[in-house]
Amino acid sequence: MACASVKVAVRVRPFNSREIGKDSKCIIQMSGNTTTIINPKQPKENKSFNFDYSYWSHTSPEDVNFACQRQVYKDIGEEMLLHAFEGYNVCIFAYGQTGAGKSYTMMGKQEKDQEGIIPLLCEDLFTKFNNNNDNSMSYSVEVSYMEIYCERVRDLLNPKNKGNLRVREHPLMGPYVEDLSKLAVTSYNDIQDLMDSGNKARTVAATNMNETSSRSHAVFNIIFTQKRHDSDSENTSEKVSKISLVDLAGSERADSTGAKGTRLKEGANINKSLTTLGKVISALAEIDSAPNKNKKKKKVESFIPYRDSVLTWLLRENLGGNSRTAMVAALSPADINYDETLSTLRYADRAKQIRCNAVINEDPNNRLVRELKEEVARLKDLLYAQGLGDIIEMTHAMTGMSPSPSLSALSSRAGSISSLHDRIMFSPGSEEAIERLKETEKIIAELNETWEEKLRRTEGIRMEREALLAEMGVAMREDGGTVGVFSPKKTPHLVNLNEDPLMSECLLYYIKDGITKVGREDASSRQDIVLSGHFIQDEHCIFTSSTNASGEGTVVLEPCEGTETYVNGKRVTEPTILRSGNRIIMGKSHVFRFNDPEQARQERERTPCADTPVEPVDWAFAQRELLDKQGIDMKQEMEQRLQELEDQYRKEREEASNLLEQQRLDYESKLEALQRQVNSRYYPETTEEEEEPEEEVPWTKRETELALWAFRKWRFYQFTSLRDLLWGNAIFLKEANAISVELKKKVQFQFVLLTDTLYSPLPSDLLPPSIAKDREKRLFPRTIVAVEVQDQKNGATHYWTLDKLRQRLDLMREMYDRAAEVPSTTVEDCDHMMSGGDPFYDRFPWFRLVGRAFVYLSNLLYPVPLVHRVAIVSEKGEVKGFLRVAVQAISADEEAPDYGSGVRQSGTAKISFEDQQFEKFQTETCTAGTNTSQEELRIVEGEGQNSEISADEVNNNTCAASPDVPNSPLKGFLECPLDVAQEKSFQHLKIGSNFTFRVTVLQASSISAEYADIFCQFNFIHRHDEAFSTEPLKNTGRGPPLGFYHVQNITVEVTKSFVEYIKGQPIVFEVFGHFQKQPFPPLCKDLISSLRPTRRQFPRVMPLSKPVPATKLSTLTRSTAGPCHCKYDLMAFFEICELEANGDYIPAVVDHRGGMPCHGTFLLHQGIQRRITVTIAQETGNDIEWKEVKELVIGRIRNTPEADETIIDPNILSLNILSSSYIRPSYDDRTFYRFEAAWDSSMHNSLLLNRVTPYGEKIYITLSAYLEMENCTQPTVITKDFCMVFYSRDAKLPASRSIRNLFSTGAFRPSESNRVTGVYELSLCHLADIGSPGMQRRRRRVLDTSVAYVRGEENLAGWRPRSDSLILDHQWELEKLSLLQEVEKTRHYLLLREKLEASLLLGQDSFCGKDLMDSPKASSPLISPVVSLGLDSPNERQRELAAKCVRLLMHTFNRQYSQVSSSLSESKLSEMSASFLRDGSSSPLSTLTPSSTCPSLVDSHYGNPDLRGAEANSGASSPDLDPFSPIERKHRSCAFIPNIQEIRVSPIVSKKGYLHFLEPHTSGWVKRYIVVRRPYVYLYRSERDCVERAVINLSSAQVEYSEDKQTMLRAPNTFSVCTEHRSILLQAGNDKEMHDWLYAFNPLLAGTIRSKLSRRKSGQMRM
């Protein structure tokens, strides 16, 4: 192998016409092999390069330094040609910019002395052929010519190959061009003709730099083969050389060449391939120029991009491979081409560093023969030099006589042996030389052996081997593939017999002449036949084979002493002569048959007519023979053994049964003892006195009624049963949807909850008969689970019961089974079926219900005409439009007003109100009122009822007999006019008289154009069978409202039931329309969409993570919680601290850019020690005290917010608790409990925590802290999900936007923002009665069938049946319906009050009489409930209420604010209470607030810290004891069950802004930033603060407002928020802001205040 660098030569050409025309200057200078380039812009900056050759061709041939074509070929071409004759691969390629002279150098011109390297090399090649005088040498030449144009290969010599050729790679040959023609040539003229034809087919084009620019790379290959014939060995050796002559296309710039279109595309491909060539050269140069110590590593790591271009791929071996390579760089001397010339020089300089490892291309065998012959010649010369030439001649003479010469043959002649040894002994080194000579000649002879001789020698060996195997009984096929075994024809042998017939006669053991030993492998002497197993001795027996004088063979079996050997079933102890066919058993398991072919042949000759034995001689035959000869009855022995086994089994089974029975009795006794122990602990045995019935609690009538109401309410509670129905029937719903999808029915099924309300009465077909009968007895409205069937094909919606779903599902299954047999046409016909046999469709009516509206009739009491605009509400609580209805009392003969031509008079209808019928309906509505059910739902949901007026207080639908609202203001309002009317003898409502009133349906508006024909019908709420209907009207959704103008006069005989009805019950209006799908373009929909009221979007209930299972705590049985003792709101602060360089743990940066409270992303560094700090803040109380942290665990590591809690997490890690203690900061009066733990994230063995987080990805983990509390039976757990991003260890984390803002303000330290908060609710509950029916009902478990698989479920595309979330959504819908009903009722009373006040101002008399109007109380439906009582002398109830208000005003919620509250003197309070009792008609606004001034919640730390000493001194006299004092701990002996639930933050912001807080012990106010997200208020230090500092739970707080309090404190625009543990006084900037804040805190209170203020202003205006 020859390692040489690439030869590099540069050649500069003369100026061309373009450069002469631009007066270019020469910038190239050459001195020897040094080439210098001058920068035309800065002449002093010259760059010099050294190359192997530098050719100055810039001037004319007369110049002494001028380098002609012949000189270039002489230096480069002749050397490369010489290497080719040596057998090396050779490559010459020219590189340079366009027009630099590459093609001229390589190809030249056809003129004399203008030929290039390629023609000269080819001519010189054939010249050397002709000058060769060696007859043993022969030559052959093949040429190929191709071009690479735009990365495509074209054949230039074969006109048929017009397409592009594929470049392939062979594992041995390397890259090659498929189907490239290789033409054989015999003379230079042949090559010249081929070159001319190829050059004509080559792609050239004209550019601005060269008129005949080569647009492709040309590769001219010469395959040169040398054959040498060796006359001595008659062998022929070959040397194959490949000469690659490459003319590269010129590198160019688009602006210089003026290339456009195709030329530009060609130039891009040329530059691509040349750039790849430059990368390859640079990579090879870096490898070869690297230091020796790193050279091997560099070669492994470096990547050579050969495959990036076709050119480099084909020249892979020539560039740094098996080739001798030379490069000619063509240069332009002009200064305008400075950049291109400098680039070419650098290119060539890099190529100079490449080293190629070239090898001679010849057959390895021929090369070895050649080297061995050289070694033989050298050894012969050595022997001749030592005078031993005659020994060589003698050796050759004997070699001719003997085919294998050796020393023994050499010493065959006695006369020459002595002289030969003597001469060798006296010649030092001659013996070794002779041995090496013989070995070398032997190897040469083996190498020169022809293939035929090798085959003959191999065939002879094979025949000898087959003859030997045939003698042993082993035969081979003629093809030599399969080996067969057959019985030997002469040799006696043993054949094995096996229980398995397929295993019999597979082993064959030969008995050789003489002695054949049989034994074990580990015997002392070698055994001929080796056996193993039980009862086989080391030396078992001996076979002796002998032949007598007559030629008959005899085999004698001689067993060894103490061995078991049987012949034909008999045990032998002495030598026994064997006969062919004998059965031999050795030990217990080895059975053989002895065969002697010669003996068997002789027997057949003696008795040729011998019969063949009937039974074959096999293993079974040998065993039976053995048993018979030994006298063993096998059947009897097996029966005896079987009986023994049965007896043993029976005995063991009885023992196991006795043992199990004894263990069962022991366990039962232990369980009974434990049960008695538990019962004695939790249920102590009652004495005889305790067993006596307890005394009845003396309840009042009011308390009894309330208890009965509560019992009935919870008795009919059905949320658990609804969930059971949803879970149990989910599988049927999934199957119905799957069948619908597969049959392409376009019908979708989903669960829906339906409640019997005024807006959505349940039809009778949805109620089972048992429920329909129970409907009248039921105290509360029933909610049922139904199936909503959405017929997307016909645009219809139906509701099915669960029983109907199951019935239809059976029909669907039958249809699905028949689907494969029904023809396609029949399937299409079934697709259009809407009823009949198709179970997917139901008939739907032409008109559908749009919605319902209610109009109350209390204006008929006075009577006052009213025009109502009521909302048309659908069953789901959506406002579908509005309806204008007029109700007025008229005389019997009064005519209808003239509404125009469209008025429709329906005459006068007579309706009778029977008291019995109405009382029955009234009882049902009182016990099953809609608002009562809604109140039930709201209480269950968990919303607070303390700060809102209950539905029963606003609902006028409550009957007079309702026991829970005896002092309702609406009830008082309704009763008062009736009493006055009876006293004044109202003639129009006199019992028994006829009363006529008119109901006029005026207009309908804002109804969607989906309903084409609209009509309305109305009826009394208890008279469904008597309805009044209007005519249908066309609805387009545009233009003026629909004018019904339907007049209906109704005459009623006045009864007590009728008067009760108009006092509180409405008329039901039902609007129907014909539904049509997409009646007009989307533009029209946009026009009418603004008419619809926006639908309230409620926040989605987000799932909360379950606690991570503890690893150290044992699994405890969770006790059942009973009644709740108390609740606390907790705020937890979570920090992840990282170890800094100074040794401190600093909180990691938290990104709060999400915008939601209690959220944030921790920005952590990879590979740094961390600690997790948790701080719990709570109100100071006597019921809560943290004892210790039992365990802190982290798990559920994932990259998505949702976690699959069903999978067992293997990466749960329990952290080491470092510290836990209470902290009492001086700036806050709350109690803080902090604990810290070390967190090594690498212990999780999770890739998500060990690596740097990729861009756009976040990591989520779940942390659970198990804490033990005083007086609690079990630990409680706080769980929080963390979001984090890991950066590299040295990365500088960018501060979040919010953090930058905080830095800029300087409001607080950055570390206080690097935390994530969490709001939790702690409930302490008593132990529940485990035996109560309610607990047993809650414990039942229903299988959730929604996770069960049904056929075709994969086609549902992620659809799932609704579950628990449907119950929550239905609560929202019922809440909406309740609020809409209350709004309509309130709107009616406000309208009526306004009408009455207007009538009073105008002095109009009504049927109520003037005395009624003189009373201001009769004009307001919201008057105080005590209006019917005398105000001069307050009764006992009023006195109790006044005293209670005084106590609340004097009460102090916290000892820190005792000084503020004590400022109200007892005399002032007594004066206020006395004035309240004296002035009954004073403003109700002053009695709204029962509490005193309310100071701040969390901002007390902004006050004077010096006052804390005074507080501590005064705390001894405070009735509130320290919760951590030992005195208080003695009183807390109750055992509670703790439960902590994380509060999900609401995304809806009711209001946010600044409020002023009153500091304790001072008169100063501090401004704080407040965000109201009901039901919580979040407190921040400023608007830029991103961490919550405290929260207020509005569901357990009371918002109060009092003008007297403002006057007393001299603080306008203030209101207070009172919680269980403290009270807060807040001040707004102005009156409007205060009312806005009140509306955000408590909308009902704000509405009440505004109503009272408006009435006060209207009263002042009247005065």
# chains A, B, ... in the order shown; residues from 1 in each chain; ligands from 1
$ residues_around --residues "range 591-607 of chain A" --least-positions-apart "6" --cutoff "8 Å" --atoms "only C-alpha atoms" --output "PyMOL selection string"
chain A and resi 488-498+552-553+578-585+619+622
$ write_last_selection --atoms "N, CA and C atoms" --output "compact mmCIF listing (two decimals), in the first residue's frame"
# COMPACT_ATOMS: atom_id res chain seq x y z
N PRO A 488 -25.43 -52.93 8.76
CA PRO A 488 -24.25 -53.42 8.03
C PRO A 488 -24.49 -54.81 7.45
N LYS A 489 -23.82 -55.08 6.39
CA LYS A 489 -24.00 -56.37 5.70
C LYS A 489 -23.16 -57.48 6.29
N LYS A 490 -22.13 -57.16 7.05
CA LYS A 490 -21.24 -58.19 7.58
C LYS A 490 -21.03 -58.05 9.07
N THR A 491 -20.98 -56.86 9.59
CA THR A 491 -20.60 -56.62 10.99
C THR A 491 -21.79 -56.88 11.90
N PRO A 492 -21.61 -57.69 12.98
CA PRO A 492 -22.68 -57.85 13.98
C PRO A 492 -22.86 -56.53 14.75
N HIS A 493 -24.08 -56.27 15.19
CA HIS A 493 -24.36 -54.98 15.82
C HIS A 493 -25.58 -55.10 16.72
N LEU A 494 -25.79 -54.07 17.53
CA LEU A 494 -26.95 -53.94 18.42
C LEU A 494 -27.82 -52.80 17.93
N VAL A 495 -29.16 -52.99 17.96
CA VAL A 495 -30.13 -51.95 17.58
C VAL A 495 -31.03 -51.70 18.78
N ASN A 496 -31.23 -50.42 19.10
CA ASN A 496 -32.03 -50.08 20.28
C ASN A 496 -33.51 -50.28 20.01
N LEU A 497 -34.26 -50.64 21.06
CA LEU A 497 -35.72 -50.72 21.04
C LEU A 497 -36.26 -49.74 22.07
N ASN A 498 -37.29 -48.96 21.68
CA ASN A 498 -37.82 -47.91 22.55
C ASN A 498 -39.33 -48.04 22.63
N GLU A 552 -17.28 -69.07 10.19
CA GLU A 552 -18.49 -68.64 10.86
C GLU A 552 -18.12 -67.79 12.07
N GLY A 553 -18.85 -66.68 12.20
CA GLY A 553 -18.59 -65.78 13.31
C GLY A 553 -19.44 -66.12 14.53
N LEU A 578 -24.67 -65.51 21.62
CA LEU A 578 -25.84 -64.78 21.11
C LEU A 578 -26.19 -65.28 19.73
N ARG A 579 -27.50 -65.30 19.48
CA ARG A 579 -28.01 -65.62 18.18
C ARG A 579 -28.69 -64.38 17.60
N SER A 580 -28.71 -64.28 16.32
CA SER A 580 -29.31 -63.13 15.67
C SER A 580 -30.80 -63.05 16.02
N GLY A 581 -31.22 -61.90 16.49
CA GLY A 581 -32.61 -61.67 16.90
C GLY A 581 -32.81 -61.74 18.38
N ASN A 582 -31.77 -62.10 19.18
CA ASN A 582 -31.92 -62.13 20.63
C ASN A 582 -32.21 -60.73 21.17
N ARG A 583 -33.04 -60.68 22.28
CA ARG A 583 -33.34 -59.44 22.96
C ARG A 583 -32.44 -59.29 24.16
N ILE A 584 -31.74 -58.19 24.26
CA ILE A 584 -30.78 -57.97 25.33
C ILE A 584 -31.24 -56.74 26.11
N ILE A 585 -31.37 -56.88 27.43
CA ILE A 585 -31.76 -55.78 28.31
C ILE A 585 -30.62 -55.56 29.28
N TRP A 619 -40.12 -53.25 21.58
CA TRP A 619 -39.89 -52.99 23.01
C TRP A 619 -40.96 -53.65 23.86
N ALA A 622 -40.29 -57.29 24.21
CA ALA A 622 -39.19 -57.58 25.13
C ALA A 622 -39.62 -57.43 26.58
$ residues_around --residues "range 1638-1644 of chain A" --least-positions-apart "6" --cutoff "9 Å" --atoms "only C-alpha atoms" --output "list in words"
Ser947, Glu948, Ile949, Ser1550, Lys1551, Val1572, Arg1573, Arg1574, Pro1575, Val1577, Leu1594, Gln1598, Val1599, Glu1600, Tyr1601, Phe1615 and Val1617 of chain A
$ residues_around --residues "Ile1021 in chain A" --least-positions-apart "3" --cutoff "8 Å" --atoms "only C-alpha atoms" --output "list of chain:residue names"
A:His1024, A:Gln1065, A:Pro1066, A:Ile1067, A:Val1068
$ atom_distance --atom1 "CA of Ile1570 in chain A" --atom2 "CA of Lys1652 in chain A"
27.3 Å
$ atom_distance --atom1 "CA of Ile1136 in chain A" --atom2 "CA of Leu1113 in chain A"
24.4 Å
$ closest_residue --among "A:Val185, A:Ala819, A:Ala656, A:Leu767" --to "Lys744 in chain A" --atoms "only C-alpha atoms"
A:Ala819
$ atom_distance --atom1 "CA of Ile148 in chain A" --atom2 "CA of Ser343 in chain A"
22.7 Å
$ closest_residue --among "A:Ile515, A:Leu1164, A:Ala285, A:Ala249" --to "Asn271 in chain A" --atoms "only C-alpha atoms"
A:Ala249
$ residues_around --residues "Tyr1233 in chain A" --least-positions-apart "4" --cutoff "12 Å" --atoms "only C-alpha atoms" --output "NGL selection string"
:A and (1130-1133 or 1173-1180 or 1184-1189 or 1219-1225 or 1267 or 1269)
$ residues_around --residues "range 522-539 of chain A" --least-positions-apart "4" --cutoff "8 Å" --atoms "only C-alpha atoms" --output "list in words"
Tyr509, Thr516, Lys517, Val518, Cys560, Thr563, Glu564, Met586, Gly587, Lys588 and Ser589 of chain A
$ write_last_selection --atoms "C-alpha atoms" --output "mmCIF file, in the first residue's frame"
data_model
loop_
_atom_site.group_PDB
_atom_site.id
_atom_site.type_symbol
_atom_site.label_atom_id
_atom_site.label_comp_id
_atom_site.auth_asym_id
_atom_site.auth_seq_id
_atom_site.Cartn_x
_atom_site.Cartn_y
_atom_site.Cartn_z
ATOM 1 C CA TYR A 509 -23.771 -50.056 18.066
ATOM 2 C CA THR A 516 -16.199 -54.724 22.784
ATOM 3 C CA LYS A 517 -16.663 -53.268 26.287
ATOM 4 C CA VAL A 518 -19.960 -51.794 27.534
ATOM 5 C CA CYS A 560 -19.566 -58.493 34.682
ATOM 6 C CA THR A 563 -24.667 -56.455 36.862
ATOM 7 C CA GLU A 564 -28.199 -56.917 35.595
ATOM 8 C CA MET A 586 -28.997 -53.984 30.209
ATOM 9 C CA GLY A 587 -30.019 -52.538 33.559
ATOM 10 C CA LYS A 588 -33.700 -51.569 33.610
ATOM 11 C CA SER A 589 -34.181 -49.274 30.637
#
$ residues_around --residues "Thr576 in chain A" --least-positions-apart "4" --cutoff "8 Å" --atoms "only C-alpha atoms" --output "list in words"
Val556, Leu557, Glu558 and Val572 of chain A
$ closest_residue --among "A:Arg1230, A:Arg1171, A:Lys1063, A:Arg1315" --to "Leu1218 in chain A" --atoms "only C-alpha atoms"
A:Arg1171
$ select_by_dssp --residues "range 553-693 of chain A" --states "strand (DSSP E or B)" --output "PyMOL selection string"
chain A and resi 553-559+565-567+570-571+576-577+583-586+590-595
